[in-house]
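*Asks:* If it helps, the file is called input.cif and holds mmCIF, C-alpha atoms (C1' of nucleotides):
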data_target
#
loop_
_atom_site.label_atom_id
_atom_site.label_comp_id
_atom_site.auth_asym_id
_atom_site.auth_seq_id
_atom_site.Cartn_x
_atom_site.Cartn_y
_atom_site.Cartn_z
CA MET A 19 -15.10 -33.18 58.83
CA ASP A 20 -12.97 -35.52 56.71
CA HIS A 21 -9.43 -36.87 57.00
CA ALA A 22 -7.76 -33.95 55.21
CA GLN A 23 -9.64 -31.33 57.20
CA ALA A 24 -8.69 -33.06 60.43
CA VAL A 25 -5.01 -33.03 59.47
CA ALA A 26 -5.31 -29.33 58.65
CA VAL A 27 -6.80 -28.63 62.07
CA LEU A 28 -3.93 -30.41 63.80
CA ARG A 29 -1.29 -28.55 61.79
CA ASP A 30 -2.97 -25.16 62.14
CA LYS A 31 -3.14 -25.47 65.90
CA GLY A 32 0.53 -26.49 66.10
CA TYR A 33 0.01 -30.15 67.01
CA ARG A 34 2.48 -32.66 65.60
CA LEU A 35 1.45 -35.06 62.89
CA THR A 36 2.74 -38.27 64.41
CA PRO A 37 2.18 -41.68 62.81
CA GLN A 38 0.13 -42.68 65.84
CA ARG A 39 -2.26 -39.77 65.41
CA LEU A 40 -2.64 -40.33 61.69
CA ILE A 41 -3.34 -44.01 62.24
CA VAL A 42 -6.02 -43.36 64.85
CA LEU A 43 -7.55 -40.72 62.61
CA SER A 44 -7.67 -43.07 59.64
CA ILE A 45 -9.25 -45.82 61.66
CA VAL A 46 -11.99 -43.57 63.00
CA ALA A 47 -12.52 -41.99 59.58
CA ASP A 48 -12.76 -45.34 57.79
CA GLY A 49 -14.90 -47.01 60.43
CA ALA A 50 -18.64 -47.04 60.08
CA GLY A 51 -19.35 -44.73 63.03
CA HIS A 52 -19.43 -45.34 66.81
CA MET A 53 -16.07 -47.06 67.27
CA GLY A 54 -15.15 -48.30 70.74
CA VAL A 55 -11.71 -47.60 72.20
CA ASP A 56 -10.55 -51.21 72.18
CA GLU A 57 -11.79 -51.66 68.64
CA ILE A 58 -9.67 -48.66 67.62
CA PHE A 59 -6.71 -49.87 69.67
CA GLN A 60 -6.70 -53.39 68.22
CA SER A 61 -6.93 -52.04 64.71
CA ALA A 62 -4.15 -49.54 65.36
CA LYS A 63 -1.86 -52.23 66.76
CA THR A 64 -1.95 -54.22 63.57
CA ALA A 65 -0.88 -51.14 61.62
CA TYR A 66 1.73 -50.11 64.22
CA PRO A 67 2.68 -52.84 66.70
CA TYR A 68 4.23 -50.55 69.32
CA MET A 69 1.00 -48.59 69.70
CA ASP A 70 0.01 -48.19 73.33
CA VAL A 71 -3.55 -47.95 74.55
CA ALA A 72 -2.64 -44.81 76.52
CA THR A 73 -1.71 -43.15 73.26
CA VAL A 74 -5.06 -44.09 71.78
CA TYR A 75 -6.86 -42.50 74.74
CA ARG A 76 -4.70 -39.37 74.62
CA THR A 77 -5.18 -39.06 70.88
CA LEU A 78 -8.93 -39.48 71.04
CA HIS A 79 -9.21 -36.90 73.82
CA LEU A 80 -7.12 -34.47 71.80
CA PHE A 81 -9.28 -35.01 68.74
CA ARG A 82 -12.39 -34.59 70.83
CA ASN A 83 -11.16 -31.31 72.32
CA LEU A 84 -10.30 -30.05 68.85
CA GLY A 85 -13.76 -30.95 67.60
CA VAL A 86 -12.33 -33.47 65.13
CA VAL A 87 -14.14 -36.44 66.60
CA THR A 88 -17.37 -36.70 68.55
CA GLU A 89 -17.61 -38.75 71.73
CA VAL A 90 -20.73 -40.81 72.30
CA ALA A 91 -21.56 -42.78 75.43
CA ILE A 92 -22.98 -46.20 74.53
CA GLY A 93 -23.79 -48.21 77.59
CA ASP A 94 -20.99 -47.17 79.95
CA ARG A 95 -18.34 -47.12 77.25
CA LEU A 96 -17.28 -44.16 75.14
CA HIS A 97 -17.33 -44.45 71.37
CA TYR A 98 -15.91 -42.11 68.77
CA GLU A 99 -16.74 -40.99 65.25
CA LEU A 100 -15.70 -38.15 62.94
CA THR A 101 -17.60 -34.99 63.82
CA ASP A 102 -20.59 -34.34 61.61
CA PRO A 103 -19.91 -31.01 59.84
CA LEU A 104 -23.59 -30.13 59.65
CA GLY A 105 -23.78 -29.47 63.37
CA GLY A 106 -24.00 -33.06 64.34
CA HIS A 107 -26.63 -35.51 65.26
CA HIS A 108 -27.51 -37.19 68.50
CA HIS A 109 -27.85 -40.85 69.28
CA MET A 110 -30.53 -43.05 70.66
CA VAL A 111 -28.92 -46.17 72.06
CA CYS A 112 -30.99 -49.25 72.81
CA ARG A 113 -30.00 -50.77 76.14
CA VAL A 114 -31.29 -54.17 75.05
CA CYS A 115 -29.48 -54.64 71.72
CA ASP A 116 -26.93 -51.78 72.08
CA GLY A 117 -27.94 -50.55 68.66
CA ALA A 118 -27.38 -46.84 67.99
CA PHE A 119 -29.73 -44.66 65.94
CA ASN A 120 -29.12 -41.13 64.79
CA LEU A 121 -31.37 -38.30 65.89
CA SER A 122 -31.62 -34.87 64.36
CA PRO A 123 -30.70 -32.03 66.74
CA HIS A 124 -34.00 -30.42 65.92
CA TYR A 125 -35.68 -32.56 68.54
CA LEU A 126 -33.56 -31.11 71.33
CA GLU A 127 -33.66 -27.47 70.38
CA GLU A 128 -36.97 -26.74 72.00
CA PHE A 129 -35.79 -28.37 75.19
CA ARG A 130 -32.61 -26.32 75.16
CA ASN A 131 -34.52 -23.10 74.71
CA THR A 132 -36.76 -23.90 77.65
CA LEU A 133 -33.84 -24.56 80.01
CA SER A 134 -32.05 -21.44 78.90
CA GLN A 135 -35.05 -19.17 79.24
CA GLU A 136 -36.51 -20.57 82.45
CA PHE A 137 -33.33 -21.22 84.43
CA GLY A 138 -30.48 -19.49 82.64
CA PHE A 139 -28.89 -22.93 82.35
CA GLU A 140 -26.97 -23.61 79.13
CA PRO A 141 -27.03 -27.39 78.57
CA ASP A 142 -24.34 -29.33 76.68
CA LEU A 143 -26.58 -31.14 74.25
CA GLU A 144 -24.04 -31.41 71.45
CA HIS A 145 -22.82 -34.92 71.98
CA PHE A 146 -24.83 -37.19 74.12
CA ALA A 147 -26.69 -40.40 73.76
CA ILE A 148 -30.20 -41.09 74.95
CA SER A 149 -30.57 -44.50 76.48
CA GLY A 150 -33.77 -46.44 76.01
CA VAL A 151 -35.37 -49.36 74.23
CA CYS A 152 -35.74 -49.37 70.45
CA ALA A 153 -38.95 -50.30 68.66
CA GLY A 154 -37.65 -53.71 67.61
CA CYS A 155 -36.56 -54.79 71.07
CA ARG A 156 -39.64 -53.33 72.69
CA ASP A 157 -41.86 -55.49 70.52
CA SER A 158 -39.94 -58.72 70.86
CA ASN A 159 -37.71 -58.90 73.93
CA PRO A 160 -38.98 -59.95 77.37
CA LYS A 161 -35.73 -59.00 79.19
CA GLN A 162 -36.08 -56.85 82.33
CA GLU A 163 -34.65 -56.63 85.83
CA SER A 164 -36.01 -53.57 87.60
CA PRO A 165 -38.38 -52.73 90.49
CA ALA A 166 -40.47 -55.89 90.19
CA PRO A 167 -40.88 -59.18 92.18
CA MET B 11 -39.06 -43.12 99.81
CA ASP B 12 -37.78 -43.00 103.37
CA HIS B 13 -35.65 -45.30 105.52
CA ALA B 14 -38.55 -47.45 106.77
CA GLN B 15 -40.05 -47.87 103.30
CA ALA B 16 -36.68 -48.90 101.92
CA VAL B 17 -36.30 -51.56 104.61
CA ALA B 18 -39.76 -52.83 103.79
CA VAL B 19 -38.87 -53.12 100.11
CA LEU B 20 -35.79 -55.17 100.94
CA ARG B 21 -37.69 -57.52 103.23
CA ASP B 22 -40.64 -57.90 100.89
CA LYS B 23 -38.40 -58.90 98.00
CA GLY B 24 -36.55 -61.40 100.16
CA TYR B 25 -33.26 -59.56 100.47
CA ARG B 26 -31.37 -59.88 103.76
CA LEU B 27 -31.18 -56.95 106.14
CA THR B 28 -27.45 -56.98 106.77
CA PRO B 29 -25.70 -54.33 108.88
CA GLN B 30 -23.79 -53.20 105.79
CA ARG B 31 -26.97 -52.54 103.85
CA LEU B 32 -28.62 -50.70 106.71
CA ILE B 33 -25.54 -48.54 107.20
CA VAL B 34 -25.34 -47.57 103.54
CA LEU B 35 -29.05 -46.86 103.53
CA SER B 36 -28.80 -44.62 106.58
CA ILE B 37 -25.90 -42.70 105.12
CA VAL B 38 -27.70 -42.02 101.85
CA ALA B 39 -30.94 -41.20 103.66
CA ASP B 40 -29.28 -38.79 106.07
CA GLY B 41 -27.04 -37.15 103.47
CA ALA B 42 -28.19 -33.99 101.79
CA GLY B 43 -28.63 -35.55 98.34
CA HIS B 44 -26.15 -36.45 95.57
CA MET B 45 -23.63 -38.48 97.59
CA GLY B 46 -20.55 -39.79 95.82
CA VAL B 47 -19.44 -43.41 96.30
CA ASP B 48 -16.26 -42.59 98.17
CA GLU B 49 -18.11 -40.18 100.38
CA ILE B 50 -20.52 -42.99 101.28
CA PHE B 51 -17.70 -45.50 101.69
CA GLN B 52 -15.64 -43.30 104.03
CA SER B 53 -18.66 -42.59 106.14
CA ALA B 54 -19.61 -46.27 106.26
CA LYS B 55 -16.11 -47.29 107.31
CA THR B 56 -16.24 -45.15 110.43
CA ALA B 57 -19.51 -46.86 111.43
CA TYR B 58 -18.27 -50.33 110.47
CA PRO B 59 -14.50 -50.61 110.00
CA TYR B 60 -14.52 -53.89 108.01
CA MET B 61 -16.72 -52.37 105.32
CA ASP B 62 -15.34 -52.98 101.85
CA VAL B 63 -15.81 -50.64 98.91
CA ALA B 64 -17.05 -53.57 96.82
CA THR B 65 -19.90 -54.01 99.26
CA VAL B 66 -20.77 -50.34 98.93
CA TYR B 67 -20.93 -50.67 95.14
CA ARG B 68 -22.97 -53.88 95.31
CA THR B 69 -25.34 -52.37 97.84
CA LEU B 70 -25.87 -49.18 95.85
CA HIS B 71 -26.52 -51.15 92.67
CA LEU B 72 -29.02 -53.33 94.49
CA PHE B 73 -30.79 -50.28 95.90
CA ARG B 74 -30.79 -48.68 92.46
CA ASN B 75 -32.30 -51.78 90.83
CA LEU B 76 -34.97 -51.90 93.52
CA GLY B 77 -35.80 -48.25 92.96
CA VAL B 78 -34.76 -47.36 96.50
CA VAL B 79 -32.03 -44.95 95.46
CA THR B 80 -31.60 -42.89 92.31
CA GLU B 81 -28.31 -42.78 90.46
CA VAL B 82 -27.15 -39.47 89.07
CA ALA B 83 -24.09 -38.89 86.90
CA ILE B 84 -22.22 -35.78 88.02
CA GLY B 85 -19.16 -35.14 85.95
CA ASP B 86 -17.96 -38.69 85.24
CA ARG B 87 -18.80 -39.95 88.72
CA LEU B 88 -22.02 -41.56 89.88
CA HIS B 89 -23.86 -40.11 92.86
CA TYR B 90 -26.78 -41.52 94.80
CA GLU B 91 -29.77 -40.21 96.68
CA LEU B 92 -33.03 -41.64 98.04
CA THR B 93 -35.58 -41.93 95.25
CA ASP B 94 -38.05 -39.09 95.14
CA PRO B 95 -41.50 -40.67 95.73
CA LEU B 96 -43.26 -38.09 93.56
CA GLY B 97 -41.81 -39.56 90.40
CA GLY B 98 -38.50 -37.95 90.79
CA HIS B 99 -36.74 -34.96 89.47
CA HIS B 100 -33.87 -34.53 87.08
CA HIS B 101 -30.61 -32.72 87.57
CA MET B 102 -28.82 -29.96 85.82
CA VAL B 103 -25.14 -30.18 86.70
CA CYS B 104 -22.83 -27.25 86.06
CA ARG B 105 -19.54 -28.43 84.59
CA VAL B 106 -17.78 -25.31 85.89
CA CYS B 107 -18.76 -25.37 89.57
CA ASP B 108 -20.16 -28.97 89.72
CA GLY B 109 -23.29 -27.61 91.34
CA ALA B 110 -26.44 -29.69 90.88
CA PHE B 111 -29.91 -28.21 90.42
CA ASN B 112 -33.18 -30.05 90.40
CA LEU B 113 -35.42 -30.04 87.35
CA SER B 114 -39.06 -31.03 87.20
CA PRO B 115 -39.78 -33.98 84.88
CA HIS B 116 -42.38 -31.87 83.15
CA TYR B 117 -39.68 -30.37 80.97
CA LEU B 118 -38.77 -33.72 79.49
CA GLU B 119 -42.21 -35.12 78.88
CA GLU B 120 -42.78 -33.41 75.60
CA PHE B 121 -39.42 -34.65 74.38
CA ARG B 122 -40.26 -38.19 75.44
CA ASN B 123 -43.55 -38.12 73.62
CA THR B 124 -41.89 -36.97 70.42
CA LEU B 125 -39.33 -39.78 70.45
CA SER B 126 -41.94 -42.37 71.22
CA GLN B 127 -44.35 -41.24 68.53
CA GLU B 128 -41.86 -40.50 65.76
CA PHE B 129 -39.44 -43.38 66.21
CA GLY B 130 -41.06 -45.88 68.53
CA PHE B 131 -38.05 -45.32 70.82
CA GLU B 132 -38.75 -45.39 74.56
CA PRO B 133 -36.08 -43.27 76.25
CA ASP B 134 -34.86 -43.77 79.82
CA LEU B 135 -35.32 -40.24 81.07
CA GLU B 136 -35.99 -41.16 84.68
CA HIS B 137 -32.60 -40.58 86.18
CA PHE B 138 -30.14 -38.60 84.22
CA ALA B 139 -28.24 -35.40 84.60
CA ILE B 140 -27.95 -32.69 82.02
CA SER B 141 -24.48 -31.22 81.85
CA GLY B 142 -24.04 -27.55 81.12
CA VAL B 143 -23.13 -24.20 82.63
CA CYS B 144 -25.30 -22.62 85.29
CA ALA B 145 -26.38 -19.01 85.21
CA GLY B 146 -23.91 -17.97 87.92
CA CYS B 147 -20.86 -19.47 86.24
CA ARG B 148 -21.93 -18.34 82.80
CA ASP B 149 -22.00 -14.73 83.98
CA SER B 150 -18.75 -14.75 85.91
CA ASN B 151 -16.32 -17.49 84.88
CA PRO B 152 -13.96 -17.15 81.90
CA LYS B 153 -12.84 -20.83 81.99
CA GLN B 154 -12.92 -22.73 78.68
CA GLU B 155 -10.74 -25.16 76.70
CA SER B 156 -12.44 -26.29 73.52
CA PRO B 157 -12.13 -25.84 69.71
CA ALA B 158 -10.24 -22.54 69.84
CA PRO B 159 -6.65 -21.31 69.10
"C1'" DT C 16 21.30 -31.04 55.82
"C1'" DT C 17 22.26 -30.71 60.55
"C1'" DT C 18 21.04 -29.31 65.06
"C1'" DG C 19 18.16 -27.96 69.03
"C1'" DT C 20 14.13 -28.29 71.69
"C1'" DA C 21 9.72 -29.07 73.18
"C1'" DA C 22 5.93 -32.13 72.16
"C1'" DT C 23 4.83 -36.78 72.24
"C1'" DC C 24 5.35 -41.64 73.07
"C1'" DG C 25 5.81 -46.22 75.48
"C1'" DC C 26 6.06 -48.08 79.75
"C1'" DA C 27 4.50 -48.90 84.22
"C1'" DA C 28 2.12 -47.54 88.15
"C1'" DA C 29 -2.19 -45.92 89.90
"C1'" DC C 30 -7.02 -45.10 89.96
"C1'" DG C 31 -12.10 -46.14 90.33
"C1'" DA C 32 -15.08 -49.85 89.51
"C1'" DT C 33 -16.26 -54.82 89.02
"C1'" DT C 34 -16.03 -59.85 89.72
"C1'" DG C 35 -14.76 -64.82 91.45
"C1'" DC C 36 -14.35 -67.26 95.31
"C1'" DA C 37 -14.47 -69.27 99.86
"C1'" DG C 38 -15.79 -68.25 104.55
"C1'" DG C 39 -19.36 -66.38 107.42
"C1'" DA C 40 -23.88 -64.53 108.61
"C1'" DA C 41 -29.05 -63.92 108.15
"C1'" DC C 42 -33.15 -66.06 107.90
"C1'" DT C 43 -36.27 -70.30 107.85
"C1'" DT C 44 -37.93 -74.46 109.60
"C1'" DA C 45 -38.65 -77.44 113.00
"C1'" DT D 15 -33.71 -72.68 120.57
"C1'" DA D 16 -30.78 -75.10 117.42
"C1'" DA D 17 -29.60 -76.53 112.72
"C1'" DG D 18 -29.50 -76.05 107.80
"C1'" DT D 19 -29.40 -73.57 103.63
"C1'" DT D 20 -28.71 -69.88 100.87
"C1'" DC D 21 -27.30 -65.25 100.46
"C1'" DC D 22 -23.93 -62.00 101.34
"C1'" DT D 23 -19.43 -60.32 102.56
"C1'" DG D 24 -14.34 -59.42 102.53
"C1'" DC D 25 -10.48 -60.23 100.05
"C1'" DA D 26 -7.81 -60.20 96.08
"C1'" DA D 27 -7.49 -60.28 91.30
"C1'" DT D 28 -8.95 -57.94 87.30
"C1'" DC D 29 -10.83 -54.58 84.03
"C1'" DG D 30 -10.88 -50.11 81.56
"C1'" DT D 31 -8.93 -45.65 81.91
"C1'" DT D 32 -5.65 -42.08 83.38
"C1'" DT D 33 -1.19 -40.19 84.76
"C1'" DG D 34 4.00 -39.55 85.78
"C1'" DC D 35 8.28 -40.12 83.84
"C1'" DG D 36 12.31 -40.76 81.08
"C1'" DA D 37 13.35 -41.66 76.17
"C1'" DT D 38 12.28 -40.58 71.54
"C1'" DT D 39 10.83 -37.92 67.62
"C1'" DA D 40 8.64 -34.21 64.72
"C1'" DC D 41 9.39 -29.92 63.37
"C1'" DA D 42 11.77 -25.27 62.99
"C1'" DA D 43 15.68 -22.69 62.39
"C1'" DA D 44 20.36 -22.33 61.01
#
Could you show the structure in this file as structure tokens?
*Replies:*
Amino acid sequence: MDHAQAVAVLRDKGYRLTPQRLIVLSIVADGAGHMGVDEIFQSAKTAYPYMDVATVYRTLHLFRNLGVVTEVAIGDRLHYELTDPLGGHHHMVCRVCDGAFNLSPHYLEEFRNTLSQEFGFEPDLEHFAISGVCAGCRDSNPKQESPAP
Amino acid sequence: MDHAQAVAVLRDKGYRLTPQRLIVLSIVADGAGHMGVDEIFQSAKTAYPYMDVATVYRTLHLFRNLGVVTEVAIGDRLHYELTDPLGGHHHMVCRVCDGAFNLSPHYLEEFRNTLSQEFGFEPDLEHFAISGVCAGCRDSNPKQESPAP
DNA sequence: TTTGTAATCGCAAACGATTGCAGGAACTTA
DNA sequence: TAAGTTCCTGCAATCGTTTGCGATTACAAA
């Protein structure tokens, strides 16, 4: 999905091409993946000072429902990026450094098949992030605060 | 984990046994799993009218960090239940009917091993819910609203 | 180009969740 | 049992996100 394709999707579905939507789209498209809402909002405000944060949220939700952007939970905040046309990738997010790493969907397919066959449950595995600790932080960082004295 | 064990954990770690904490603990222990915060708060307020919702949140987070309760995301709301002493189970949550179904951890172990071996990434798969559509809703409910005309 | 109309926006209020602070309560020690 | 200290609570302010509403604007049709 690129900028032009996204505009075509909006027009084809009958949604208006407002300056606000085009600005948000450009920001997400030009950003280097995983953009937070406030990051997008601040950037949009410099391009269009009357921009309201509610509009940013509404626009991102519209884009998400149209499949134009993909929503990724990093920590407890949602981030957005242009949808990967090849069926997408998943994310591994380190809870120590907040770094995000891409993961091929291949690794989840077997799990999906098991759930579907054993329980008849169809999981939404398209866009979700797996929390954990990355190799770098695991090897160097002593930070913890869980079930321990 | 039962009520008495939870109290022992609090005392052993040096946390105070306040009425508020004991009330929240009893409510979660007596509830039939997956209790929402407001559900817990309303119930606590009848037992102790001065109870504040901030205290409920602080108490639940403390219990979660101590491993006394398990936090489960259902929809976009967090729910709580006493931690399963057998290492816990996961949840499959239907996004149509919001029903929650337990899932043995066995189904995630293979996935965990793959991530650890291939990427050195240690995922937090202890307490998370898999969103999707359950067999009942899949077979009967026509509700949808995604990338379509 | 002008007009009509429904989609969309900005604003402000509201919501669930979190945090700072000062008073009060639980536990320890004597 | 009484006193001291630290933790914990209630309150209120705040944060990020969502929603209702009247005003504005993009687009279609004349």
*Asks:* Please, which residues of chain D lie no more than 9 Å from chain B when the count uses only C-alpha atoms (C1' of nucleotides), and can they be set out as a list in words?
*Replies:*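 Applying the cut-off to the listed atoms yields DC21, DC22, DT23, DG24 and DC25 of chain D.
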*Asks:* Determine the residue set returned by the PyMOL selection byres ((chain A and resi 78) around 9) for the present structure, and present it as a PyMOL selection string.
*Replies:* chain A and resi 39+42-43+55+73-77+79-83+87+89+98
*Asks:* Could you turn the residues from that selection into a file that holds C-alpha atoms, as an mmCIF file, in the coordinates of the input?
*Replies:*
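Output saved as again-v5.cif:
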data_model
loop_
_atom_site.group_PDB
_atom_site.id
_atom_site.type_symbol
_atom_site.label_atom_id
_atom_site.label_comp_id
_atom_site.auth_asym_id
_atom_site.auth_seq_id
_atom_site.Cartn_x
_atom_site.Cartn_y
_atom_site.Cartn_z
ATOM 1 C CA ARG A 39 -2.260 -39.770 65.410
ATOM 2 C CA VAL A 42 -6.020 -43.360 64.850
ATOM 3 C CA LEU A 43 -7.550 -40.720 62.610
ATOM 4 C CA VAL A 55 -11.710 -47.600 72.200
ATOM 5 C CA THR A 73 -1.710 -43.150 73.260
ATOM 6 C CA VAL A 74 -5.060 -44.090 71.780
ATOM 7 C CA TYR A 75 -6.860 -42.500 74.740
ATOM 8 C CA ARG A 76 -4.700 -39.370 74.620
ATOM 9 C CA THR A 77 -5.180 -39.060 70.880
ATOM 10 C CA HIS A 79 -9.210 -36.900 73.820
ATOM 11 C CA LEU A 80 -7.120 -34.470 71.800
ATOM 12 C CA PHE A 81 -9.280 -35.010 68.740
ATOM 13 C CA ARG A 82 -12.390 -34.590 70.830
ATOM 14 C CA ASN A 83 -11.160 -31.310 72.320
ATOM 15 C CA VAL A 87 -14.140 -36.440 66.600
ATOM 16 C CA GLU A 89 -17.610 -38.750 71.730
ATOM 17 C CA TYR A 98 -15.910 -42.110 68.770
#
*Asks:* Could you state which residues are captured by the PyMOL selection byres ((chain C) within 9 of (chain B)) in this file, as number ranges by chain?
*Replies:* C: 32-33, 40-42
*Asks:* Tell me, in Å to one decimal, how far atom CA of B:Pro133 is from atom CA of A:Phe137.
*Replies:*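 Atom CA of B:Pro133 sits 23.7 Å away from atom CA of A:Phe137.
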*Asks:* Take the PyMOL selection byres ((chain C and resi 30) around 12), run it mentally on this structure, and tell me the resulting residues as a VMD selection string.
*Replies:* (chain C and resid 28 to 29 31 to 32) or (chain D and resid 29 to 33)
*Asks:* Given the choices C:DA27, C:DG35, C:DA45, C:DT17, which gets closest to D:DA43 if the distance is worked out from only C-alpha atoms (C1' of nucleotides)?
*Replies:*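 The closest residue to D:DA43 is C:DT17.
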*Asks:* How many Å lie between atom CA of B:Pro29 and atom CA of B:Ala83, rounded to one decimal?
*Replies:*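 Taking atom CA of B:Pro29 and atom CA of B:Ala83, their separation equals 26.9 Å.
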*Asks:* Please measure the separation of atom CA of A:Phe119 and atom CA of B:Leu76, giving the value in Å to one decimal.
*Replies:*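 Taking atom CA of A:Phe119 and atom CA of B:Leu76, their separation equals 29.0 Å.
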*Asks:* Looking at D:DA44, D:DA17, D:DA26, D:DA37, which one is nearest to C:DT23, with distances taken over all atoms listed in the file?
*Replies:*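 Under the stated criterion, the closest residue is D:DA37.
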*Asks:* B:His100, B:His13, B:Lys23, B:Lys55: which is nearest chain A, counting only C-alpha atoms?
*Replies:* B:Lys23
*Asks:* Calculated over only C-alpha atoms, which of the candidates A:Ile45, A:Met53, A:Gln135, A:Leu126 has the smallest distance to chain B?
*Replies:*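 With only C-alpha atoms as the atom set, the closest residue is A:Leu126.
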*Asks:* Could stretch 45-61 of chain A be completed with N, CA and C atoms and returned as a PDB file, keeping the file's coordinate frame?
*Replies:*
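The new file part.pdb reads:
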ATOM      1  N   ILE A  45      -8.369 -44.755  61.200  1.00  0.00           N
ATOM      2  CA  ILE A  45      -9.250 -45.820  61.660  1.00  0.00           C
ATOM      3  C   ILE A  45     -10.641 -45.278  61.962  1.00  0.00           C
ATOM      4  N   VAL A  46     -10.682 -44.148  62.673  1.00  0.00           N
ATOM      5  CA  VAL A  46     -11.990 -43.570  63.000  1.00  0.00           C
ATOM      6  C   VAL A  46     -12.691 -43.089  61.728  1.00  0.00           C
ATOM      7  N   ALA A  47     -11.913 -42.519  60.804  1.00  0.00           N
ATOM      8  CA  ALA A  47     -12.520 -41.990  59.580  1.00  0.00           C
ATOM      9  C   ALA A  47     -13.054 -43.110  58.687  1.00  0.00           C
ATOM     10  N   ASP A  48     -12.346 -44.245  58.657  1.00  0.00           N
ATOM     11  CA  ASP A  48     -12.760 -45.340  57.790  1.00  0.00           C
ATOM     12  C   ASP A  48     -13.816 -46.223  58.426  1.00  0.00           C
ATOM     13  N   GLY A  49     -13.908 -46.180  59.759  1.00  0.00           N
ATOM     14  CA  GLY A  49     -14.900 -47.010  60.430  1.00  0.00           C
ATOM     15  C   GLY A  49     -16.308 -46.514  60.151  1.00  0.00           C
ATOM     16  N   ALA A  50     -17.258 -47.398  60.368  1.00  0.00           N
ATOM     17  CA  ALA A  50     -18.640 -47.040  60.080  1.00  0.00           C
ATOM     18  C   ALA A  50     -19.334 -46.450  61.309  1.00  0.00           C
ATOM     19  N   GLY A  51     -18.728 -45.401  61.885  1.00  0.00           N
ATOM     20  CA  GLY A  51     -19.350 -44.730  63.030  1.00  0.00           C
ATOM     21  C   GLY A  51     -19.233 -45.484  64.333  1.00  0.00           C
ATOM     22  N   HIS A  52     -19.344 -44.726  65.465  1.00  0.00           N
ATOM     23  CA  HIS A  52     -19.430 -45.340  66.810  1.00  0.00           C
ATOM     24  C   HIS A  52     -18.365 -46.377  67.083  1.00  0.00           C
ATOM     25  N   MET A  53     -17.086 -46.047  66.988  1.00  0.00           N
ATOM     26  CA  MET A  53     -16.070 -47.060  67.270  1.00  0.00           C
ATOM     27  C   MET A  53     -15.660 -47.025  68.738  1.00  0.00           C
ATOM     28  N   GLY A  54     -15.599 -48.191  69.350  1.00  0.00           N
ATOM     29  CA  GLY A  54     -15.150 -48.300  70.740  1.00  0.00           C
ATOM     30  C   GLY A  54     -13.638 -48.174  70.827  1.00  0.00           C
ATOM     31  N   VAL A  55     -13.143 -47.842  72.026  1.00  0.00           N
ATOM     32  CA  VAL A  55     -11.710 -47.600  72.200  1.00  0.00           C
ATOM     33  C   VAL A  55     -10.900 -48.855  71.895  1.00  0.00           C
ATOM     34  N   ASP A  56     -11.329 -49.989  72.390  1.00  0.00           N
ATOM     35  CA  ASP A  56     -10.550 -51.210  72.180  1.00  0.00           C
ATOM     36  C   ASP A  56     -10.566 -51.620  70.708  1.00  0.00           C
ATOM     37  N   GLU A  57     -11.676 -51.402  70.079  1.00  0.00           N
ATOM     38  CA  GLU A  57     -11.790 -51.660  68.640  1.00  0.00           C
ATOM     39  C   GLU A  57     -10.744 -50.834  67.887  1.00  0.00           C
ATOM     40  N   ILE A  58     -10.650 -49.552  68.253  1.00  0.00           N
ATOM     41  CA  ILE A  58      -9.670 -48.660  67.620  1.00  0.00           C
ATOM     42  C   ILE A  58      -8.254 -49.116  67.960  1.00  0.00           C
ATOM     43  N   PHE A  59      -8.042 -49.474  69.223  1.00  0.00           N
ATOM     44  CA  PHE A  59      -6.710 -49.870  69.670  1.00  0.00           C
ATOM     45  C   PHE A  59      -6.239 -51.132  68.951  1.00  0.00           C
ATOM     46  N   GLN A  60      -7.087 -52.131  68.877  1.00  0.00           N
ATOM     47  CA  GLN A  60      -6.700 -53.390  68.220  1.00  0.00           C
ATOM     48  C   GLN A  60      -6.363 -53.151  66.757  1.00  0.00           C
ATOM     49  N   SER A  61      -7.180 -52.338  66.121  1.00  0.00           N
ATOM     50  CA  SER A  61      -6.930 -52.040  64.710  1.00  0.00           C
ATOM     51  C   SER A  61      -5.619 -51.277  64.543  1.00  0.00           C
TER      52      SER A  61
END
